[in-house]
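Scroll down for the structure; my scribbles are underneath it.
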Amino acid sequence: MFPLLLLHSIQQLQEERTLSAIHHIFIGKKSSQTFQDMHAYQLASFYGCYRTLKRSTIQEEVERLKRNGYVFENDEGRLQITQEGASYTQRHWHHYPFDYFGGKPYHSIDEVFSARLLLFIQTASNIAKGQRQFIPIEDNRHVLQWVKSFYATHQHDLTNVLNTLSDELYRILCSFPTEYAEIIVLRMTGFHRYGLSKEQLATKYGLTIHDISLLLTALNHYLLSNVVKQSTTYPMLYQFCRDGVRDIPLTKSGRQTRYWLLKGYSIDQITNIRHLKRSTIEDHLIEIALADPTFSISRFIPEEAVKHISQTANQLKTNKLKKIRESLDEDYSYFQIRLVLASLTKGNLK
Amino acid sequence: MKGWNLEQTLQHYFGFTSFREGQKEIIEDILQGNDVLGILPTGTGKSMCYQLPAMMLDGSVLIISPLISLMMDQVKQLKQVGFKRVIAINSFLDPQQKREVYRHLGSYKLIFCSPEMLQNRRFFDEINSKVNVSLFVVDEAHCISQWGHEFRTDYLKLSETLHQLGDPPVLALSATAPNRVQEDIITQLGKRSIRKHIYPMDRENIAFSIEHVSSMEAKLERMKEILTSHPVPTMIYFSSRQWTEKASFELSQSLPHLRIAFYHGGMEQTERILIQQQFMNNQLDVICCTSAFGMGINKANIRLVIHAHLPAQFESFLQEVGRAGRDGEQSVSITFYAPGDSEIPRSFIESELPSETLLNHFFEVLKKKSIQGEWLLNRDELIQDNLQCNEIQWRFLLYQLEKHGMIKNKKVVLFNQALWDRTHYSIKEFIEKRNTMKQQKLVRLLNWVHEEGCLRKRLYQDFQSSIKEPVGYCCDACDFSLQSWQVIPIAPTKQAWNWEQELRKLLLQGE
């Protein structure tokens with residue numbers, strides 16, 4: 001699964017970006033460059049799909065792909081997919097649930113959702129069985145706190161909660177292929193056993209540790225997307241993620257800029273207020289344009305310019321700023337071009 | 001409560017009708033206001049020695065513990081028996097919780113913290129002003145000697161803290177402390193007149209065996225044979241993370257009927273918890289681990305502890321072996337030794353403290369910077385000067401500079417040739433002394449590996465003057481052989497499984 005995703009990403013980049021761009025998307029780096037890249041190259045759904053991925057791991061995998069003749073390094077030092085690589089990807093892509101990945105909208109909640117759910121199942125299962133002493137599988141303080149208070153509000157009708165949870169999980173897992181439902185359940189911990197580790201799951205299903213890391217995230221995203229989209233069908237599960245799904249994912253600083261923008265301040269005014277460079281505020285605007293579906297760029301760039309830039313980008317079939325700018329006789333700034341590209345890709349947001 | 005004897009008080013609070021070996025003698029001494037050093041074997045209820053006095057004394061008991069997990073275990077146990085006025089101060093508390101805890105600090109009967117926490121000014125002031133410390137406990141006191149000199153140097157500041165607290169009675173507890181370590185504990189705490197209660201630590205139900213083989217591959221082959229003829233709950237210690245993974249893979253391939261996994265400090269936290277608890281919960285039969293797997297492990301039915309590699313000293317070896325046979329049943333320790341094996345612990349010892357080259361370089365850099373005047377010591381800045389040292393070495397150097405007056409108020413003082421030379425020389429001497437001592441300890445362990453007489457006698461002779469009669473087998477030299485060791489093999493547990501049923505079981509449906 002991991003090599004396929006890597007091949008696919010290399011293909012999407014069209015030799016316009018380096019391997020770092022892919023690494024940054026996979027680990028979910030919070031930078032406007034990464035936000036822009038993932039939309040420009042249709043990799044947005046893989047944002048943050050493997051947050052613990054090491055730079056060296058991705059490098060090792062690329063070496064393997066090179067040895068297999070699936071990719072090569074071109075004269076500019078950029079990776080390029082070969083014919084064999086492309087056909088290999090095409091043949092195997094559908095064997096894995098790549099379409100489960102939800103990207104950035106789930107970034108802030110996916111790990112929390114699964115940690116809360118697994119810890120609550122462990123807690124409820126043990127206590128309902130009369131075992132009040134057990135070692136929690138999670139040591140994140142916020143997750144522990146959340147489960148504690150969730151348990152406190154439901155402890156008077158624990159049986160009911162267990163019934164509902166069991167019913168909802170059963171229904172939602174039936175929509176998965178059997179093997180995936182198995183993996184999700186094997187990862188759970190209850191009164192009688194502790195869940196399987198990633199390493200154990202990988203061995204059991206003949207996958208690598210990287211495959212299983214990706215797969216668990218994919219399954220988690222699919223679970224989340226079902227729960228969020230059908231919150232009335234899964235009211236109990238929805239409670240485990242409710243507080244996280246409404247946020248527009250922004251960096252802390254980007255959020256502050258958005259606050260001033262919404263109050264009607266101009267870029268220059270915000271630059272002064274926040275004692276930041278103009279280019280930083282411009283980066284924030286790009287970030288907001290990518291993440292916030294309600295954000296309009298018309299305040300910052302005339303209608304005419306939007307038309308020009310978007311037409312040129314479409315004609316050239318590229319997202320390279322330099323090419324676009326040159327082809328427009330350098331009438332527009334890089335910032336203006338980036339802003340238009342960002343607002344264009346918004347339509348692709350899931 | 002008045003008029004009750006100790007046994008009645010014990011039964012009232014903890015439900016036990018009698019004391020285990022050593023507990024009563026230690027508690028009586030404490031209640032008379034004496035300082036006490038207690039060496040009690042693992043699994044014999046060391047913590048009762050301060051838990052019961054906590055119920056009986058006015059004021060609070062302050063317990064210094066090396067690991068958060070150990071503190072948490074203690075707190076959990078006490079809350080389990082219904083005792084609520086107990087707290088572990090640690091970094092997991094958020095600022096609001098911390099404020100809350102500090103406000104009521106005086107109301108806790110037992111307060112657990114790390115030696116580092118105790119050096120936190122704010123926390124110490126709270127303790128000093130709000131808490132009447134009636135007993136100061138140093139749990140796992142061998143850490144003073146084992147770690148205090150090097151990377152947990154706050155252990156060496158305990159005597160000063162004690163003094164600032166008005167010298168309350170002290171209880172130092174440990175399970176593994178040979179004479180030298182006992183002496184070190186007493187010196188560091190500055191309690192020459194401490195009352196010693198030393199109980200023998202030999203485990204009469206563990207038999208000892210050493211196998212000399214030619215290579216690591218041969219060790220793995222032997223492990224496969226042993227686990228085939230004796231499939232029992234087993235821990236296998238390795239010196240490196242890579243080996244735990246490799247061995248776990250190879251053994252699993254050859255022994256598909258056994259459930260085998262690896263554990264080391266490089267794993268994600270959740271994965272570590274899952275594997276550790278699976279082992280505790282008998283979901284795993286064999287665990288291939290580094291020394292990171294250990295403290296706080298209390299699984300009763302471990303039958304076999306294998307050392308694929310040697311640790312650097314008897315203390316570690318005994319702690320690791322001591323996890324076998326907590327239930328009193330016959331258990332076995334097997335140590336493998338191949339030519340060249342002594343190199344691993346030897347180079348480990350050498351790399352622990354700064355090398356001479358590193359030390360020279362360090363002092364040069366300090367000189368260069370301090371000629372201009374005093375400056376704030378900062379590790380990142382030193383790394384830019386190509387000074388590569390690890391966390392332990394860094395903490396060691398920091399402590400040494402402080403001790404020799406080269407750091408004042410977190411700043412390195414103005415350059416002064418005499419001070420520089422003096423400090424440099426004495427740190428160098430100190431490192432040499434520590435390394436020599438550790439090499440000697442290693443040599444003792446290596447000698448044991450080549451011992452031809454009774455392994456049990458030689459193993460414990462540093463720790464105690466006589467040993468108990470073994471229950472069951474003794475060792476290779478006396479009476480032990482694998483062939484004669486009868487075990488109850490692990491029963492295979494394969495059964496039909498589907499996720500629907502498992503989900504119902506997890507969430508207790510249809511029971």
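By convention here, the chains of the structure tokens are called A, B, ... in the order presented, each chain's residues are numbered starting at 1, and ligands are numbered starting at 1 in the order presented.
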Check your understanding: Could you name the residues that touch Pro345 (chain B) at 8 Å or less, counting only C-alpha atoms, but leaving out those on the same chain fewer than 6 positions away, as an MDAnalysis selection string?
Key -> chainID B and resid 310:312 442
Keeping only C-alpha atoms, write those residues as a PDB file, in the first residue's frame.
ATOM      1  CA  LEU B 310      24.796 -10.054  29.351  1.00  0.00           C
ATOM      2  CA  PRO B 311      23.956  -6.832  31.162  1.00  0.00           C
ATOM      3  CA  ALA B 312      26.852  -4.827  32.621  1.00  0.00           C
ATOM      4  CA  LEU B 442      31.470  -6.350  34.685  1.00  0.00           C
TER       5      LEU B 442
END
Excluding Val306 (chain A) and its own-chain neighbours fewer than 3 positions away, which residues fall within 10 Å of it when counting only C-alpha atoms? Please give them as a PyMOL selection string. chain A and resi 297-298+301-303+309-311+336-337+339-341+343-344
- Message: With only C-alpha atoms considered, list every residue of chain A at most 10 Å from chain B, as a ChimeraX atom specification.
- Response: /A:52,115,121-122,124-126,128-129,132-142,159,161-167,169-170,173-174,178-200,203
Selection export as a compact mmCIF listing (two decimals), in the first residue's frame, atoms kept: C-alpha atoms:
# COMPACT_ATOMS: atom_id res chain seq x y z
CA THR A 52 5.02 9.42 11.99
CA ALA A 115 -8.06 7.01 20.78
CA ILE A 121 -14.49 0.55 24.80
CA GLN A 122 -11.73 -0.70 27.10
CA ALA A 124 -16.78 0.32 29.56
CA SER A 125 -16.01 -3.32 28.80
CA ASN A 126 -13.91 -3.68 31.96
CA ALA A 128 -19.32 -3.54 33.05
CA LYS A 129 -17.55 -6.81 33.83
CA ARG A 132 -12.34 -1.46 37.92
CA GLN A 133 -8.57 -1.95 37.70
CA PHE A 134 -6.95 -2.04 34.29
CA ILE A 135 -4.03 -0.37 32.55
CA PRO A 136 -5.37 2.21 30.08
CA ILE A 137 -4.05 1.69 26.56
CA GLU A 138 -3.84 5.43 26.06
CA ASP A 139 -1.67 7.84 28.02
CA ASN A 140 -2.62 11.10 26.34
CA ARG A 141 -3.92 13.29 29.16
CA HIS A 142 -6.59 15.01 27.05
CA THR A 159 -25.65 -1.20 29.74
CA VAL A 161 -24.55 2.78 26.19
CA LEU A 162 -22.86 -0.55 25.48
CA ASN A 163 -25.91 -1.80 23.60
CA THR A 164 -26.13 1.30 21.46
CA LEU A 165 -22.40 1.39 20.80
CA SER A 166 -22.39 -2.28 19.86
CA ASP A 167 -25.33 -1.77 17.53
CA LEU A 169 -20.41 -0.36 15.43
CA TYR A 170 -21.99 -3.50 14.05
CA LEU A 173 -18.59 -2.29 10.23
CA CYS A 174 -20.97 -4.22 7.97
CA THR A 178 -14.79 -8.38 6.16
CA GLU A 179 -11.01 -8.15 6.41
CA TYR A 180 -11.17 -4.47 7.32
CA ALA A 181 -13.90 -5.00 9.88
CA GLU A 182 -11.67 -7.71 11.40
CA ILE A 183 -8.69 -5.39 11.64
CA ILE A 184 -10.73 -2.71 13.38
CA VAL A 185 -12.08 -5.18 15.93
CA LEU A 186 -8.69 -6.86 16.49
CA ARG A 187 -7.24 -3.48 17.41
CA MET A 188 -9.86 -3.06 20.18
CA THR A 189 -9.15 -3.83 23.83
CA GLY A 190 -11.74 -5.22 26.23
CA PHE A 191 -12.11 -6.93 29.61
CA HIS A 192 -10.68 -10.24 28.34
CA ARG A 193 -7.83 -9.16 26.10
CA TYR A 194 -5.63 -6.31 24.91
CA GLY A 195 -5.81 -5.28 21.25
CA LEU A 196 -3.21 -6.24 18.67
CA SER A 197 -0.26 -3.96 18.04
CA LYS A 198 0.45 -2.60 14.56
CA GLU A 199 3.36 -5.01 14.26
CA GLN A 200 1.10 -7.97 15.06
CA THR A 203 2.34 -9.98 10.47
Exercise. Using CA of Ile226 (chain B) and CA of Leu445 (chain B) as the two end points, give the distance in Å to one decimal.
Key: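 It comes out at 23.8 Å.
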For Ser209 (chain B), the nearest of the candidates B:Gly453, B:Pro492, B:Gly373, B:Pro66, counting only C-alpha atoms =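 The answer is B:Gly453, which sits nearest to Ser209 (chain B).
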Assign secondary structure with DSSP using the backbone only, and return the residues of region 122-220 of chain B in strand (DSSP E) as number ranges by chain. B: 133-138, 170-174, 195-198, 206-212
Keeping C-alpha atoms, export the residues of the selection given above as a PDB file, in the first residue's frame.
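New file selection_28.pdb:
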ATOM      1  CA  VAL B 133       6.914  15.771  56.602  1.00  0.00           C
ATOM      2  CA  SER B 134       6.944  13.068  59.268  1.00  0.00           C
ATOM      3  CA  LEU B 135       8.771  10.501  57.122  1.00  0.00           C
ATOM      4  CA  PHE B 136      10.995  10.952  54.069  1.00  0.00           C
ATOM      5  CA  VAL B 137      11.111   7.807  51.920  1.00  0.00           C
ATOM      6  CA  VAL B 138      13.615   7.063  49.151  1.00  0.00           C
ATOM      7  CA  VAL B 170      14.429   8.784  56.541  1.00  0.00           C
ATOM      8  CA  LEU B 171      13.509   5.388  55.139  1.00  0.00           C
ATOM      9  CA  ALA B 172      15.650   4.168  52.223  1.00  0.00           C
ATOM     10  CA  LEU B 173      14.269   1.061  50.487  1.00  0.00           C
ATOM     11  CA  SER B 174      15.720  -1.210  47.832  1.00  0.00           C
ATOM     12  CA  ARG B 195      19.561   1.372  61.217  1.00  0.00           C
ATOM     13  CA  LYS B 196      20.111  -1.372  58.679  1.00  0.00           C
ATOM     14  CA  HIS B 197      17.536  -4.066  58.031  1.00  0.00           C
ATOM     15  CA  ILE B 198      19.032  -6.291  55.356  1.00  0.00           C
ATOM     16  CA  ILE B 206      15.027 -20.141  40.574  1.00  0.00           C
ATOM     17  CA  ALA B 207      17.638 -22.503  39.129  1.00  0.00           C
ATOM     18  CA  PHE B 208      20.667 -21.105  37.279  1.00  0.00           C
ATOM     19  CA  SER B 209      22.177 -22.341  34.071  1.00  0.00           C
ATOM     20  CA  ILE B 210      24.859 -21.026  31.725  1.00  0.00           C
ATOM     21  CA  GLU B 211      25.353 -22.246  28.177  1.00  0.00           C
ATOM     22  CA  HIS B 212      28.513 -21.486  26.225  1.00  0.00           C
TER      23      HIS B 212
END
Self-check item: Close residues, Glu287 (chain A) itself excluded, 8 Å, only C-alpha atoms, min 6 positions apart in chain, as a ChimeraX atom specification
Solution: /A:31-32,35-36,250,254
task: Within 12 Å of Thr318 (chain A), counting only C-alpha atoms, which residues show up once you throw out same-chain ones fewer than 4 positions away? Write them as a count of residues only, please.
output: 21
### Residue contacts of Gly166 (chain B) (10 Å, only C-alpha atoms) excluding same-chain residues fewer than 3 positions away, as a PyMOL selection string
chain B and resi 128+133+161-163+169
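As for CA of Ser426 (chain B) and CA of Glu356 (chain B), they are spaced 12.3 Å apart.
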Worksheet item: If you run DSSP on this backbone, which residues of region 34-104 of chain B come out as helix (DSSP H, G or I), and could you give them as an NGL selection string?
Response: :B and (48-56 or 68-80 or 95-103)
Separating CA of Pro470 (chain B) from CA of Leu455 (chain B), to the nearest tenth of an Å, is a gap of 12.1 Å
Note to self: Excluding region 228-245 of chain B and its own-chain neighbours fewer than 4 positions away, which residues fall within 6 Å of it when counting only C-alpha atoms? Please give them as a PyMOL selection string.
What the structure shows: chain B and resi 262+264+285-290+302-309+489-490
What's around Pro200 (chain B) at 10 Å? Count only C-alpha atoms, leave out sequence neighbours fewer than 3 positions away in its own chain, and write the answer as a tab-separated table (two decimals) with C-alpha atoms, in the first residue's frame.
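What landed in selection_32.tsv:
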chain	number	residue	atom	x	y	z
B	39	ILE	CA	16.78	-4.10	51.79
B	40	LEU	CA	13.92	-6.48	51.03
B	41	PRO	CA	13.61	-8.82	48.05
B	175	ALA	CA	15.56	-4.78	46.57
B	176	THR	CA	19.02	-5.00	45.08
B	203	ARG	CA	15.35	-16.71	45.28
B	460	TYR	CA	24.69	-13.93	45.75
B	463	PHE	CA	24.94	-9.36	48.46
B	464	GLN	CA	24.67	-11.57	51.51
B	465	SER	CA	26.73	-13.88	53.69
B	466	SER	CA	24.68	-17.07	53.41
B	467	ILE	CA	22.02	-18.46	51.13
B	468	LYS	CA	18.84	-20.42	51.65
